[in-house]
Amino acid sequence: MSDSTKSKAEAISAIVFTEAYIETHKEGGTIADLAEKLERSVEQVRAKRNSVAAQHKERGRKLPALKRMERSGFGGANYDTAGEILGDYLETLDAIDVAESAVELEATTSQFDN
């Protein structure tokens with residue numbers, strides 16, 4: 001089915017969105033929970049949140065943040081491993097810096113020994 005023949009979902013009003021958003025926030029929900037409640041994709045709800053939040057901001061109000069979604073799959077483990085890799089690399093850089101500083105110090109002090 002082409003994009004032009006797909007039926008579009010009915011637009012969600014700012015009132016309906018805001019009420020569902022507040023309810024989801026009270027429940028400690030995530031954007032995925034809000035998407036489920038509104039029967040929309042997470043991407044659609046994020047886009048609607050951005051437009052509604054901008055309108056609220058113009059009126060001096062700010063939507064409270066929803067709970068962050070958990071990373072799917074091995075996301076957390078991947079970040080742990082990536083952190084270890086970065087930590088090892090940074091330790092190597094620190095060791096190189098210390099070694100270079102020692103060589104520079106030795107060169108400087110040997111000039112004064114002569």
# chains A, B, ... in the order shown; residues from 1 in each chain; ligands from 1
$ select_by_dssp --residues "chain A" --states "helix (DSSP H, G or I)" --output "MDAnalysis selection string"
chainID A and resid 14:26 31:38 42:58 75:113
$ residues_around --residues "range 38-52 of chain A" --least-positions-apart "6" --cutoff "9 Å" --atoms "only C-alpha atoms" --output "JSON, numbers by chain"
{"A": [9, 12, 14, 16, 17, 18, 20, 21, 31, 32, 63]}
$ write_last_selection --atoms "N, CA and C atoms" --output "short mmCIF file (atom, residue, chain, number, x, y, z; two decimals), in the first residue's frame"
data_model
loop_
_atom_site.label_atom_id
_atom_site.label_comp_id
_atom_site.auth_asym_id
_atom_site.auth_seq_id
_atom_site.Cartn_x
_atom_site.Cartn_y
_atom_site.Cartn_z
N ALA A 9 -4.31 8.01 10.81
CA ALA A 9 -4.99 7.97 12.10
C ALA A 9 -5.59 9.34 12.37
N ILE A 12 -4.95 13.73 17.19
CA ILE A 12 -5.21 13.79 18.63
C ILE A 12 -5.21 15.25 19.02
N ALA A 14 -4.97 18.57 21.40
CA ALA A 14 -4.06 18.95 22.49
C ALA A 14 -4.67 18.61 23.84
N VAL A 16 -6.88 16.11 24.57
CA VAL A 16 -6.82 14.66 24.77
C VAL A 16 -5.39 14.23 25.07
N PHE A 17 -4.44 14.78 24.30
CA PHE A 17 -3.04 14.43 24.51
C PHE A 17 -2.58 14.84 25.90
N THR A 18 -2.88 16.05 26.30
CA THR A 18 -2.44 16.56 27.60
C THR A 18 -3.05 15.74 28.74
N ALA A 20 -4.04 12.58 28.62
CA ALA A 20 -3.39 11.27 28.62
C ALA A 20 -1.96 11.38 29.15
N TYR A 21 -1.29 12.48 28.80
CA TYR A 21 0.08 12.70 29.26
C TYR A 21 0.12 12.82 30.78
N ILE A 31 7.06 7.12 27.69
CA ILE A 31 6.49 7.55 26.42
C ILE A 31 5.84 6.36 25.70
N ALA A 32 6.39 5.16 25.91
CA ALA A 32 5.80 3.96 25.31
C ALA A 32 4.43 3.68 25.92
N LEU A 63 5.48 20.71 30.39
CA LEU A 63 5.07 19.32 30.64
C LEU A 63 6.12 18.65 31.53
#
$ residues_around --residues "Glu23 in chain A" --least-positions-apart "6" --cutoff "10 Å" --atoms "only C-alpha atoms" --output "ChimeraX atom specification"
/A:17,29,34,37
$ write_last_selection --atoms "all heavy atoms" --output "PDB file, in the first residue's frame"
ATOM      1  N   PHE A  17      -4.436  14.779  24.305  1.00  0.00           N
ATOM      2  CA  PHE A  17      -3.038  14.431  24.507  1.00  0.00           C
ATOM      3  C   PHE A  17      -2.577  14.837  25.902  1.00  0.00           C
ATOM      4  O   PHE A  17      -1.955  14.051  26.611  1.00  0.00           O
ATOM      5  CB  PHE A  17      -2.147  15.095  23.448  1.00  0.00           C
ATOM      6  CG  PHE A  17      -0.707  14.718  23.597  1.00  0.00           C
ATOM      7  CD1 PHE A  17      -0.211  13.570  22.999  1.00  0.00           C
ATOM      8  CD2 PHE A  17       0.162  15.487  24.354  1.00  0.00           C
ATOM      9  CE1 PHE A  17       1.121  13.204  23.154  1.00  0.00           C
ATOM     10  CE2 PHE A  17       1.488  15.131  24.517  1.00  0.00           C
ATOM     11  CZ  PHE A  17       1.972  13.985  23.916  1.00  0.00           C
ATOM     12  N   GLY A  29       4.540   6.420  34.155  1.00  0.00           N
ATOM     13  CA  GLY A  29       4.725   5.757  32.867  1.00  0.00           C
ATOM     14  C   GLY A  29       5.785   6.398  31.977  1.00  0.00           C
ATOM     15  O   GLY A  29       6.305   7.466  32.259  1.00  0.00           O
ATOM     16  N   LEU A  34       2.436   5.976  27.120  1.00  0.00           N
ATOM     17  CA  LEU A  34       1.564   7.003  26.558  1.00  0.00           C
ATOM     18  C   LEU A  34       1.156   6.631  25.136  1.00  0.00           C
ATOM     19  O   LEU A  34      -0.006   6.775  24.763  1.00  0.00           O
ATOM     20  CB  LEU A  34       2.265   8.364  26.590  1.00  0.00           C
ATOM     21  CG  LEU A  34       1.507   9.549  26.007  1.00  0.00           C
ATOM     22  CD1 LEU A  34       0.173   9.770  26.717  1.00  0.00           C
ATOM     23  CD2 LEU A  34       2.363  10.806  26.070  1.00  0.00           C
ATOM     24  N   LYS A  37      -1.472   4.026  25.293  1.00  0.00           N
ATOM     25  CA  LYS A  37      -2.723   4.629  25.747  1.00  0.00           C
ATOM     26  C   LYS A  37      -3.426   5.364  24.596  1.00  0.00           C
ATOM     27  O   LYS A  37      -4.645   5.331  24.474  1.00  0.00           O
ATOM     28  CB  LYS A  37      -2.417   5.593  26.895  1.00  0.00           C
ATOM     29  CG  LYS A  37      -3.616   6.135  27.636  1.00  0.00           C
ATOM     30  CD  LYS A  37      -3.176   7.016  28.802  1.00  0.00           C
ATOM     31  CE  LYS A  37      -2.341   6.275  29.778  1.00  0.00           C
ATOM     32  NZ  LYS A  37      -2.828   5.972  31.069  1.00  0.00           N
TER      33      LYS A  37
END
$ atom_distance --atom1 "CA of Thr81 in chain A" --atom2 "CA of Leu66 in chain A"
27.4 Å
$ closest_residue --among "A:Glu104, A:Arg61, A:Ala11, A:Lys67" --to "Lys26 in chain A" --atoms "only C-alpha atoms"
A:Lys67
$ atom_distance --atom1 "CA of Ile96 in chain A" --atom2 "CA of Tyr79 in chain A"
25.4 Å
